[in-house]
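Worksheet for the structure shown next.
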Protein chains: 4
Amino acid sequence: VARLIRLGVAGLGRMGAIHAENVTAHVGGVELAGVVDTVEPVAREVGERLSVPWSTDLADLLADPEIDAIVVAGPTATHAAMVEKAAAAGKHVLCEKPLSLDHGQSVRAIEVARGAGIKLQIGLQRRFDPDWAAAFDRISRGEIGDVHLFRASLRDPAAPPEQYLRTSGGLFVDASIHLLDVARWLIDEVEEVTAFGSARSDPLLAEIGDVDTAVACLRFRNGALGVIDTSRVAAYGAESCAEVMGSRATLRLAHDRRTNVQWRTPGRASYELVADFAEQYARAYLLELQAFVAAIRDDAEPAVTGEDALAACVLAQACTRSLHAGHPVRLTVCDGAFGVDYAIDEEPVR
Amino acid sequence: VARLIRLGVAGLGRMGAIHAENVTAHVGGVELAGVVDTVEPVAREVGERLSVPWSTDLADLLADPEIDAIVVAGPTATHAAMVEKAAAAGKHVLCEKPLSLDHGQSVRAIEVARGAGIKLQIGLQRRFDPDWAAAFDRISRGEIGDVHLFRASLRDPAAPPEQYLRTSGGLFVDASIHLLDVARWLIDEVEEVTAFGSARSDPLLAEIGDVDTAVACLRFRNGALGVIDTSRVAAYGAESCAEVMGSRATLRLAHDRRTNVQWRTPGRASYELVADFAEQYARAYLLELQAFVAAIRDDAEPAVTGEDALAACVLAQACTRSLHAGHPVRLTVCDGAFGVDYAIDEEPVR
Amino acid sequence: VARLIRLGVAGLGRMGAIHAENVTAHVGGVELAGVVDTVEPVAREVGERLSVPWSTDLADLLADPEIDAIVVAGPTATHAAMVEKAAAAGKHVLCEKPLSLDHGQSVRAIEVARGAGIKLQIGLQRRFDPDWAAAFDRISRGEIGDVHLFRASLRDPAAPPEQYLRTSGGLFVDASIHLLDVARWLIDEVEEVTAFGSARSDPLLAEIGDVDTAVACLRFRNGALGVIDTSRVAAYGAESCAEVMGSRATLRLAHDRRTNVQWRTPGRASYELVADFAEQYARAYLLELQAFVAAIRDDAEPAVTGEDALAACVLAQACTRSLHAGHPVRLTVCDGAFGVDYAIDEEPVR
Amino acid sequence: VARLIRLGVAGLGRMGAIHAENVTAHVGGVELAGVVDTVEPVAREVGERLSVPWSTDLADLLADPEIDAIVVAGPTATHAAMVEKAAAAGKHVLCEKPLSLDHGQSVRAIEVARGAGIKLQIGLQRRFDPDWAAAFDRISRGEIGDVHLFRASLRDPAAPPEQYLRTSGGLFVDASIHLLDVARWLIDEVEEVTAFGSARSDPLLAEIGDVDTAVACLRFRNGALGVIDTSRVAAYGAESCAEVMGSRATLRLAHDRRTNVQWRTPGRASYELVADFAEQYARAYLLELQAFVAAIRDDAEPAVTGEDALAACVLAQACTRSLHAGHPVRLTVCDGAFGVDYAIDEEPVR
């Protein structure tokens with residue numbers, strides 16, 4: 001019988017709890033070896049519920065020689081340091097996005113992980129979602145032809161709490177980053193972004209320089225245009241949809257149904273919508289975890305690398321800059337040692 | 001029995017022929033009194049096919065005291081002069097969009113029509129389409145709440161012939177103008193546009209300064225954001241769709257099916273798509289004509305005025321300017337004598 | 001200019017009023033010459049509203065030499081006699097279904113119309129609906145291959161009033177007849193029917209031997225199976241859908257949307273449903289009228305003949321017999337002088 | 001850490017291999033302890049691929065005290081005996097449907113399992129599918145009101161091989177049984193069935209008295225009507241859909257998409273269809289396995305019992321009898337010791 005991969009989960013907020021639950025009940029070939037959260041009652045609750053050891057100190061997981069890998073899912077500000085510690089302990093890491101809001105910190109975490117020879121996979125989960133993956137396959141096989149336009153939307157039903165908003169890095173870094181990642185993955189590198197935003201749901205947003213609704217126009221290296229919109233106040237639920245228009249065919253991806261059940265009452269047919277990201281990407285999270293385990297077992301490069309996370313983050317930050325500057329922001333695509341890097345041109349476009 | 005309204009159609013290209021056929025066979029209470037085209041074989045063919053008098057000279061229609069109204073459907077460059085002549089002869093006019101690519105010429109045609117007391121209705125047919133009208137009704141009743149985002153697409157399967165392209169005024173004036181009109185109608189006046197475009201299907205486009213794919217970002221007076229995309233190379237067919245996100249509800253309009261028949265073959269379910277604008281808006285063209293006839297009968301202001309056409313045209317020209325200038329273009333909304341007028345700010349935004 | 005076809009409408013209930021309105025405002029090349037209803041206030045209201053002569057006596061329309069045709073739309077019991085009178089006066093007839101609940105009466109009306117050389121078209125309007133017509137075209141071209149299964153549903157939101165129910169001939173003759181007609185048209189003649197029904201919405205139905213929900217299984221001459229269900233208590237609206245499975249492809253027809261606008265509120269996406277038959281087949285009624293006018297102009301056999309109406313009615317009556325007998329009922333298909341006729345086998349199948 | 005449940009899989013055809021793979025890679029908290037197939041190369045291939053012990057003799061699994069439960073997935077004829085042997089060894093059983101084509105054999109297997117105190121769950125997987133489960137929830141909460149009509153379809157793309165067909169028990173027992181099970185689960189017990197069928201794809205079917213297309217009409221104890229159709233020659237793929245019409249609302253379940261990606265080429269929009277049952281119910285098979293494991297852990301009655309399987313099988317056999325007899329077949333619902341039992345009335349209905 002194949003050896004189980006033993007995982008620990010550090011950071012037991014919404015995503016950490018999802019990963020811990022998935023390791024325990026929904027993915028085969030793995031075992032949850034322990035959970036950590038700096039808030040003791042949180043750590044205890046999850047540990048006891050899932051019948052695994054718990055702790056408030058990551059060091060306890062890192063010291064366990066039986067643990068193969070750590071899922072890093074705490075607040076963004078803790079990601080880079082945790083990745084470095086785990087790497088130093090020789091543990092593979094599945095880290096929630098972004099690595100860090102600070103470019104230098106992200107680069108260092110990537111370098112430390114590379115140096116330690118561990119697998120570092122980032123939680124940009126759309127890449128594992130069956131719909132997005134199907135779109136990628138068809139585009140990769142050239143079935144679209146030359147891409148003319150990439151159009152995508154990301155919707156969340158309601159803004160997160162104030163404390164989260166104040167440290168999220170803004171709408172583009174916190175949310176649009178997912179679409180910027182798929183834009184790079186599906187289409188090409190991005191050479192220019194122009195962003196527009198508005199904040200109409202809550203005065204807090206204006207105060208902290210953030211927006212609840214945004215549009216970003218992209219120019220891709222291959223000449224294609226792109227436009228992505230993001231809303232934190234969609235009200236109806238969580239949704240992510242996309243269109244890729246090409247010279248040979250046009251593809252649309254849209255997944256918003258909770259079930260395939262339609263309901264008919266006088267004058268009206270309706271269906272239930274997916275409520276939030278956890279429901280929307282339930283299957284992607286499982287497949288992400290399976291891919292991570294497979295990368296460990298097969299000693300293969302993870303499907304979403306630290307460099308991917310860094311590139312998406314730089315694009316998101318360029319959108320933020322354009323939003324505030326009121327003009328397009330150009331990017332220079334650099335070849336890094338292990339992947340693409342981006343530099344934001346400081347000069348205005350014209 | 002109510003008196004029939006007698007119409008003449010001037011300009012027998014695609015749209016003129018559609019209107020002439022609709023008057024003859026699909027709208028009650030009207031009679032086609034004659035058709036005109038400067039190309040004699042065209043005029044003769046349509047006249048004989050529909051069993052009505054034909055001519056190469058608009059004056060023949062204008063001289064007929066039994067004719068109530070003229071449908072102006074020839075090349076754009078002829079619209080304004082024809083409107084003025086018809087007005088001078090006391091004939092009501094249903095004129096295809098735009099009135100003129102020249103702002104002054106448009107203004108004069110509107111003034112002449114106002115002065116003559118005739119009805120001047122412009123062929124921005126989405127306003128009569130049952131889907132767009134249903135969207136308008138719900139938005140007007142406040143069911144959306146505050147609008148956060150307006151998102152719309154216009155797709156044509158293939159670029160028109162070179163001769164048409166060279167005089168069309170460009171993608172925004174020729175095609176996007178329809179979405180700019182509905183943007184004003186559904187949401188609010190527009191205060192800023194930023195346009196992006198690319199031309200990848202045909203070198204001719206670059207030569208004449210036009211594009212085949214474009215995105216325009218809008219800022220509305222009420223604070224909402226807008227984004228519209230237009231493609232002349234969608235390949236799959238003609239389509240026009242929209243989304244209006246608001247604080248209370250989100251509305252989506254999408255009509256692309258030729259029929260409500262689905263076809264299943266091994267591994268695949270498919271449906272036929274609407275092929276072109278004529279099929280897409282077949283019903284809207286009928287309702288447009290009925291509304292025009294009703295405005296004449298009831299001596300009422302037409303639902304789409306010359307001022308509406310002018311405003312949409314100025315917005316489209318502002319998009320063209322932004323496309324070429326590479327920065328946002330601001331607009332000043334003016335109250336005109338009979339409706340809104342727009343002035344493009346010559347200064348760059350920042 | 002082509003001569004207008006002049007029509008009179010006799011019987012100004014729901015369908016008669018629709019036809020009169022369509023002749024007046026929505027179909028070109030025709031003129032409403034007068035309206036008749038035995039109830040004077042009804043006749044007067046419609047006549048005055050549409051600005052045409054009105055009367056309580058069909059003879060007034062028949063005496064008018066300028067009238068080409070009569071639309072017969074009163075109670076079923078009056079159809080056959082009106083057809084015969086109109087035929088005797090040399091007027092073409094568009095008659096609502098069914099011709100008569102009595103087989104002999106139907107046969108005689110058909111014979112009288114044939115003898116008089118007038119066009120007799122029956123209002124089985126699905127045959128003119130663009131969706132059903134598209135299905136017919138594909139099946140006719142052999143794209144389905146051998147038909148394995150025909151499956152169709154007819155739904156009405158609520159049962160008609162008691163007086164109507166008592167004289168309707170029952171659910172199969174009043175409603176399912178439409179699906180039985182399309183079954184013959186799309187697939188083949190029917191050789192056996194077995195019907196099931198239940199009446200749960202209203203005790204009146206049991207009292208008069210009628211049902212509100214029914215299923216009928218069909219065996220076609222070509223070996224295909226069929227199943228149709230009919231409900232008068234669907235609550236959500238009016239709907240008619242179908243599936244044709246074949247050896248090469250499967251086709252589905254489903255039209256239930258009032259508009260192509262979707263509405264999203266927290267947790268739910270919905271669209272409005274078609275409310276009743278008038279809305280459901282608004283376009284089919286126009287096309288039916290145009291086809292009738294074209295048959296008159298072109299001196300052509302109407303697309304839906306009296307023989308078609310008779311055949312569908314016999315099939316519906318066979319379903320009623322099966323429902324009450326509790327066993328299958330077989331039919332013998334006869335070649336009549338101008339079309340198919342059916343005879344119900346009196347013997348139980350086994 | 002919670003103890004892993006250790007499972008063996010006996011019978012490594014299509015379903016057995018799916019279960020073995022799911023235990024290994026897609027369900028947490030379980031471990032595949034061994035696999036058995038009487039065909040040695042099959043057993044070896046699966047065992048080696050999944051790195052678990054393999055054998056050609058079920059006794060090897062039964063003798064292992066560390067094994068908690070057996071998944072029985074071989075040919076139907078072997079099910080009942082395997083259940084009895086596993087029960088005798090104190091192993092819980094998840095058994096593919098049906099228990100047996102022989103009523104007495106099924107009853108005995110159920111009794112042996114009850115006597116041994118083991119969990120016996122049957123693989124009627126729709127009950128675990130999220131769509132069917134959502135339908136069940138709404139119906140159970142009374143949101144439908146009184147049920148008027150249950151309508152369901154089951155489609156397979158192509159008939160199984162001759163050898164399978166010859167021992168399958170016929171279309172109703174092999175395929176429709178799934179819809180008969182959900183009919184009982186969602187609506188009520190069934191008191192009468194009338195079946196119709198045709199065999200047009202392959203002469204073999206007529207030879208063995210089977211059909212490729214069938215319709216069965218049901219009368220439920222609560223007065224509702226039902227109609228289910230089954231096709232083995234749908235060509236386009238595997239599908240299962242249903243409608244439940246009620247006095248308060250109507251529900252529709254339809255799941256046929258492989259992904260949520262739409263593809264647009266000139267004149268056509270299409271999406272990929274689910275190819276077969278394994279893809280169609282991939283998630284249901286996981287949830288079925290999790291439910292089985294939960295029933296073991298929690299010492300709870302499985303969600304689908306042997307009695308459920310027996311009842312669905314009797315209904316399917318009643319359909320077969322009706323098909324051959326050409327008349328309705330009535331059923332008497334009996335209360336058994338642990339659930340419902342059915343008896344087929346031998347007398348014709350009338």
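Just remember, in the structure tokens the first chain shown is A, the second B, etc., residues are 1-based per chain, and ligands are 1-based in the order shown.
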Could you list the residues in chain C lying within 6 Å of chain A, using only C-alpha atoms, and format the result as a PyMOL selection string? chain C and resi 235-237+264-273
Quick one: residues within 12 Å of A:Pro65, only C-alpha atoms, excluding same-chain residues fewer than 3 positions away - as a PyMOL selection string? chain A and resi 6-8+33+59-62+68-69+89-91
Counting only C-alpha atoms, what is within 10 Å of stretch 50-53 of chain A, bar same-chain residues fewer than 2 positions away, as a VMD selection string? (chain A and resid 8 20 to 21 24 to 25 31 to 36 43 to 48 55 60 to 61) or (chain D and resid 1 to 3)
DSSP on the backbone: what in stretch 6-186 of chain D comes out alpha helix (DSSP H), as a ChimeraX atom specification? /D:14-25,40-49,58-62,76-88,103-116,130-140,162-167,171,177-186
If you count only C-alpha atoms, which residues fall within 9 Å of B:Ser240, apart from same-chain ones fewer than 3 positions away, as a VMD selection string? chain B and resid 152 to 156 179 253 to 256 280
Resulting file, chosen residues, N, CA and C atoms, as a PDB file, in the first residue's frame:
```pdb
ATOM      1  N   ALA B 152     -21.552  45.824 -21.575  1.00  0.00           N
ATOM      2  CA  ALA B 152     -22.287  45.428 -22.777  1.00  0.00           C
ATOM      3  C   ALA B 152     -21.325  45.053 -23.896  1.00  0.00           C
ATOM      4  N   SER B 153     -21.814  44.219 -24.788  1.00  0.00           N
ATOM      5  CA  SER B 153     -21.013  43.754 -25.923  1.00  0.00           C
ATOM      6  C   SER B 153     -21.834  43.855 -27.197  1.00  0.00           C
ATOM      7  N   LEU B 154     -21.164  44.174 -28.262  1.00  0.00           N
ATOM      8  CA  LEU B 154     -21.782  44.140 -29.587  1.00  0.00           C
ATOM      9  C   LEU B 154     -20.854  43.353 -30.494  1.00  0.00           C
ATOM     10  N   ARG B 155     -21.410  42.388 -31.179  1.00  0.00           N
ATOM     11  CA  ARG B 155     -20.604  41.498 -32.013  1.00  0.00           C
ATOM     12  C   ARG B 155     -21.189  41.406 -33.408  1.00  0.00           C
ATOM     13  N   ASP B 156     -20.319  41.543 -34.383  1.00  0.00           N
ATOM     14  CA  ASP B 156     -20.702  41.268 -35.760  1.00  0.00           C
ATOM     15  C   ASP B 156     -19.800  40.159 -36.275  1.00  0.00           C
ATOM     16  N   LEU B 179     -24.475  50.768 -28.495  1.00  0.00           N
ATOM     17  CA  LEU B 179     -24.323  50.530 -27.056  1.00  0.00           C
ATOM     18  C   LEU B 179     -24.196  51.845 -26.295  1.00  0.00           C
ATOM     19  N   LEU B 253     -29.007  40.674 -20.062  1.00  0.00           N
ATOM     20  CA  LEU B 253     -29.744  40.568 -21.317  1.00  0.00           C
ATOM     21  C   LEU B 253     -28.845  39.845 -22.306  1.00  0.00           C
ATOM     22  N   ALA B 254     -29.343  38.761 -22.866  1.00  0.00           N
ATOM     23  CA  ALA B 254     -28.523  38.028 -23.830  1.00  0.00           C
ATOM     24  C   ALA B 254     -29.447  37.308 -24.789  1.00  0.00           C
ATOM     25  N   HIS B 255     -29.387  37.682 -26.006  1.00  0.00           N
ATOM     26  CA  HIS B 255     -30.242  37.053 -27.012  1.00  0.00           C
ATOM     27  C   HIS B 255     -29.360  36.646 -28.176  1.00  0.00           C
ATOM     28  N   ASP B 256     -29.190  35.372 -28.369  1.00  0.00           N
ATOM     29  CA  ASP B 256     -28.292  34.935 -29.435  1.00  0.00           C
ATOM     30  C   ASP B 256     -28.833  33.742 -30.215  1.00  0.00           C
ATOM     31  N   GLN B 280     -31.200  39.466 -36.006  1.00  0.00           N
ATOM     32  CA  GLN B 280     -31.135  39.778 -34.580  1.00  0.00           C
ATOM     33  C   GLN B 280     -32.242  40.749 -34.155  1.00  0.00           C
TER      34      GLN B 280
END
```
Write out as a VMD selection string the set of residues from stretch 224-320 of chain D that DSSP, computed on the backbone, places in strand (DSSP E). chain D and resid 225 to 231 239 to 246 250 to 255 261 to 265 268 to 272
Quick one: residues within 10 Å of B:Thr332, only C-alpha atoms counted, chain neighbours fewer than 3 positions away excluded, as a PyMOL selection string? chain B and resi 189-192+335+341-345
How would the residues just picked look written out with N, CA and C atoms as a CSV table (one decimal), in the first residue's frame?
```csv
chain,number,residue,atom,x,y,z
B,189,GLU,N,-26.2,60.0,-18.4
B,189,GLU,CA,-25.2,60.6,-19.3
B,189,GLU,C,-23.8,60.2,-19.0
B,190,VAL,N,-22.9,60.3,-20.0
B,190,VAL,CA,-21.6,59.8,-19.8
B,190,VAL,C,-20.6,61.0,-19.7
B,191,GLU,N,-19.7,61.0,-18.8
B,191,GLU,CA,-18.8,62.1,-18.6
B,191,GLU,C,-17.4,61.9,-19.0
B,192,GLU,N,-17.0,60.6,-19.2
B,192,GLU,CA,-15.6,60.3,-19.6
B,192,GLU,C,-15.6,59.0,-20.3
B,335,ASP,N,-27.4,71.2,-21.7
B,335,ASP,CA,-28.8,71.1,-21.9
B,335,ASP,C,-29.1,71.9,-23.2
B,341,ASP,N,-27.1,67.9,-25.2
B,341,ASP,CA,-26.0,67.9,-26.2
B,341,ASP,C,-24.7,67.7,-25.4
B,342,TYR,N,-23.7,67.2,-26.1
B,342,TYR,CA,-22.4,66.9,-25.5
B,342,TYR,C,-21.3,67.8,-26.2
B,343,ALA,N,-20.4,68.2,-25.4
B,343,ALA,CA,-19.2,68.8,-25.9
B,343,ALA,C,-18.0,68.0,-25.5
B,344,ILE,N,-17.1,67.7,-26.4
B,344,ILE,CA,-15.8,67.0,-26.0
B,344,ILE,C,-14.8,68.0,-25.5
B,345,ASP,N,-14.3,67.7,-24.3
B,345,ASP,CA,-13.3,68.6,-23.7
B,345,ASP,C,-12.0,68.3,-24.5
```
I'd like the neighbourhood of stretch 315-331 of chain C as a PDB file with N, CA, C and O atoms, in the first residue's frame, where a residue qualifies if any of its atoms comes within 8 Å (using only C-alpha atoms), though same-chain residues fewer than 5 positions away should be ignored.
```pdb
ATOM      1  N   GLY C 170     -63.243  17.914 -23.282  1.00  0.00           N
ATOM      2  CA  GLY C 170     -62.269  17.244 -22.423  1.00  0.00           C
ATOM      3  C   GLY C 170     -60.850  17.678 -22.751  1.00  0.00           C
ATOM      4  O   GLY C 170     -60.569  18.257 -23.801  1.00  0.00           O
ATOM      5  N   PHE C 172     -58.112  16.197 -23.693  1.00  0.00           N
ATOM      6  CA  PHE C 172     -57.409  15.744 -24.903  1.00  0.00           C
ATOM      7  C   PHE C 172     -57.885  16.512 -26.128  1.00  0.00           C
ATOM      8  O   PHE C 172     -57.082  16.943 -26.951  1.00  0.00           O
ATOM      9  N   VAL C 173     -59.195  16.678 -26.254  1.00  0.00           N
ATOM     10  CA  VAL C 173     -59.750  17.351 -27.430  1.00  0.00           C
ATOM     11  C   VAL C 173     -59.489  18.849 -27.376  1.00  0.00           C
ATOM     12  O   VAL C 173     -59.277  19.506 -28.391  1.00  0.00           O
ATOM     13  N   SER C 176     -54.615  18.710 -25.641  1.00  0.00           N
ATOM     14  CA  SER C 176     -53.634  17.761 -26.183  1.00  0.00           C
ATOM     15  C   SER C 176     -53.699  17.680 -27.699  1.00  0.00           C
ATOM     16  O   SER C 176     -52.735  17.261 -28.354  1.00  0.00           O
ATOM     17  N   ILE C 177     -54.826  18.056 -28.266  1.00  0.00           N
ATOM     18  CA  ILE C 177     -55.013  18.012 -29.720  1.00  0.00           C
ATOM     19  C   ILE C 177     -53.864  18.711 -30.446  1.00  0.00           C
ATOM     20  O   ILE C 177     -53.445  18.276 -31.525  1.00  0.00           O
ATOM     21  N   LEU C 180     -51.050  16.287 -30.547  1.00  0.00           N
ATOM     22  CA  LEU C 180     -51.387  15.178 -31.449  1.00  0.00           C
ATOM     23  C   LEU C 180     -51.232  15.627 -32.900  1.00  0.00           C
ATOM     24  O   LEU C 180     -50.794  14.860 -33.760  1.00  0.00           O
ATOM     25  N   VAL C 190     -50.560   7.850 -36.325  1.00  0.00           N
ATOM     26  CA  VAL C 190     -50.578   7.165 -35.029  1.00  0.00           C
ATOM     27  C   VAL C 190     -51.504   5.961 -35.119  1.00  0.00           C
ATOM     28  O   VAL C 190     -52.633   6.085 -35.605  1.00  0.00           O
ATOM     29  N   GLU C 191     -51.042   4.813 -34.636  1.00  0.00           N
ATOM     30  CA  GLU C 191     -51.843   3.593 -34.755  1.00  0.00           C
ATOM     31  C   GLU C 191     -52.426   3.094 -33.428  1.00  0.00           C
ATOM     32  O   GLU C 191     -53.262   2.202 -33.426  1.00  0.00           O
ATOM     33  N   GLU C 192     -51.912   3.645 -32.325  1.00  0.00           N
ATOM     34  CA  GLU C 192     -52.430   3.197 -31.027  1.00  0.00           C
ATOM     35  C   GLU C 192     -52.190   4.274 -29.993  1.00  0.00           C
ATOM     36  O   GLU C 192     -51.123   4.907 -29.988  1.00  0.00           O
ATOM     37  N   VAL C 193     -53.184   4.496 -29.159  1.00  0.00           N
ATOM     38  CA  VAL C 193     -53.013   5.437 -28.046  1.00  0.00           C
ATOM     39  C   VAL C 193     -53.459   4.760 -26.752  1.00  0.00           C
ATOM     40  O   VAL C 193     -54.392   3.956 -26.742  1.00  0.00           O
ATOM     41  N   THR C 194     -52.746   5.097 -25.671  1.00  0.00           N
ATOM     42  CA  THR C 194     -53.135   4.643 -24.335  1.00  0.00           C
ATOM     43  C   THR C 194     -53.043   5.853 -23.428  1.00  0.00           C
ATOM     44  O   THR C 194     -51.992   6.496 -23.386  1.00  0.00           O
ATOM     45  N   ALA C 195     -54.112   6.167 -22.758  1.00  0.00           N
ATOM     46  CA  ALA C 195     -54.149   7.421 -22.000  1.00  0.00           C
ATOM     47  C   ALA C 195     -54.354   7.189 -20.514  1.00  0.00           C
ATOM     48  O   ALA C 195     -55.018   6.227 -20.100  1.00  0.00           O
ATOM     49  N   PHE C 196     -53.774   8.076 -19.731  1.00  0.00           N
ATOM     50  CA  PHE C 196     -53.853   8.066 -18.274  1.00  0.00           C
ATOM     51  C   PHE C 196     -54.163   9.487 -17.825  1.00  0.00           C
ATOM     52  O   PHE C 196     -53.662  10.437 -18.426  1.00  0.00           O
ATOM     53  N   GLY C 197     -54.964   9.619 -16.785  1.00  0.00           N
ATOM     54  CA  GLY C 197     -55.260  10.972 -16.350  1.00  0.00           C
ATOM     55  C   GLY C 197     -55.592  11.018 -14.881  1.00  0.00           C
ATOM     56  O   GLY C 197     -55.886   9.989 -14.264  1.00  0.00           O
ATOM     57  N   ALA C 216     -50.426  10.519 -22.481  1.00  0.00           N
ATOM     58  CA  ALA C 216     -50.875   9.606 -23.534  1.00  0.00           C
ATOM     59  C   ALA C 216     -49.645   9.003 -24.210  1.00  0.00           C
ATOM     60  O   ALA C 216     -48.727   9.729 -24.580  1.00  0.00           O
ATOM     61  N   TYR C 342     -59.088   8.845 -40.012  1.00  0.00           N
ATOM     62  CA  TYR C 342     -58.812   7.842 -38.991  1.00  0.00           C
ATOM     63  C   TYR C 342     -60.117   7.191 -38.575  1.00  0.00           C
ATOM     64  O   TYR C 342     -61.146   7.855 -38.497  1.00  0.00           O
ATOM     65  N   ALA C 343     -60.055   5.913 -38.279  1.00  0.00           N
ATOM     66  CA  ALA C 343     -61.194   5.255 -37.648  1.00  0.00           C
ATOM     67  C   ALA C 343     -60.710   4.606 -36.356  1.00  0.00           C
ATOM     68  O   ALA C 343     -59.645   3.986 -36.323  1.00  0.00           O
ATOM     69  N   ILE C 344     -61.488   4.779 -35.303  1.00  0.00           N
ATOM     70  CA  ILE C 344     -61.157   4.154 -34.023  1.00  0.00           C
ATOM     71  C   ILE C 344     -61.653   2.721 -34.033  1.00  0.00           C
ATOM     72  O   ILE C 344     -62.824   2.465 -34.334  1.00  0.00           O
ATOM     73  N   ASP C 345     -60.779   1.790 -33.731  1.00  0.00           N
ATOM     74  CA  ASP C 345     -61.199   0.389 -33.612  1.00  0.00           C
ATOM     75  C   ASP C 345     -62.018   0.236 -32.338  1.00  0.00           C
ATOM     76  O   ASP C 345     -61.564   0.598 -31.256  1.00  0.00           O
ATOM     77  N   GLU C 346     -63.201  -0.340 -32.513  1.00  0.00           N
ATOM     78  CA  GLU C 346     -64.090  -0.437 -31.359  1.00  0.00           C
ATOM     79  C   GLU C 346     -63.657  -1.545 -30.404  1.00  0.00           C
ATOM     80  O   GLU C 346     -63.935  -1.508 -29.215  1.00  0.00           O
ATOM     81  N   PRO C 348     -61.387  -3.765 -27.935  1.00  0.00           N
ATOM     82  CA  PRO C 348     -60.197  -3.592 -27.096  1.00  0.00           C
ATOM     83  C   PRO C 348     -58.997  -4.276 -27.762  1.00  0.00           C
ATOM     84  O   PRO C 348     -59.166  -5.260 -28.502  1.00  0.00           O
ATOM     85  N   VAL C 349     -57.823  -3.754 -27.484  1.00  0.00           N
ATOM     86  CA  VAL C 349     -56.620  -4.251 -28.132  1.00  0.00           C
ATOM     87  C   VAL C 349     -56.399  -5.734 -27.886  1.00  0.00           C
ATOM     88  O   VAL C 349     -56.009  -6.477 -28.769  1.00  0.00           O
TER      89      VAL C 349
ATOM     90  N   HIS D 327     -50.867  -4.787 -21.137  1.00  0.00           N
ATOM     91  CA  HIS D 327     -51.869  -4.121 -20.299  1.00  0.00           C
ATOM     92  C   HIS D 327     -51.232  -3.672 -18.991  1.00  0.00           C
ATOM     93  O   HIS D 327     -50.119  -4.095 -18.671  1.00  0.00           O
ATOM     94  N   PRO D 328     -51.919  -2.811 -18.242  1.00  0.00           N
ATOM     95  CA  PRO D 328     -51.389  -2.349 -16.956  1.00  0.00           C
ATOM     96  C   PRO D 328     -51.176  -3.502 -15.977  1.00  0.00           C
ATOM     97  O   PRO D 328     -51.889  -4.511 -16.046  1.00  0.00           O
ATOM     98  N   ARG D 350     -58.169  -5.158 -15.902  1.00  0.00           N
ATOM     99  CA  ARG D 350     -59.605  -5.225 -16.227  1.00  0.00           C
ATOM    100  C   ARG D 350     -59.884  -6.511 -16.983  1.00  0.00           C
ATOM    101  O   ARG D 350     -59.093  -6.893 -17.821  1.00  0.00           O
TER     102      ARG D 350
END
```
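Separating atom CA of C:Pro203 from atom CA of C:Ala77 is a distance of 25.1 Å.
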One-decimal distance in Å that lies between atom CA of D:Gly28 and atom CA of A:Phe128: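 Between atom CA of A:Phe128 and atom CA of D:Gly28 the gap is 19.2 Å.
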Pick the closest to B:Cys217 from B:Asp229, B:Glu243, B:Asp308, B:Asp131: which is it, counting only C-alpha atoms?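 Nearest candidate to B:Cys217 out of B:Asp229, B:Glu243, B:Asp308, B:Asp131: B:Asp229.
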Contacts of D:His26 at 12 Å or less, counting only C-alpha atoms, minus same-chain residues fewer than 5 places along, as an MDAnalysis selection string? (chainID A and resid 22:30 283 286:287 289:290) or (chainID D and resid 18:21 31:32 282:283 285:287 289:290)
Counting only C-alpha atoms, figure out which residue out of D:Gly169, D:Leu124, D:Cys313, D:Gly306 gets nearest to D:Arg108.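 Checking each candidate against D:Arg108, we get D:Gly306 as the closest.
Pairwise distance (atom CA of C:Ala134, atom CA of C:Leu149) equals 18.2 Å.
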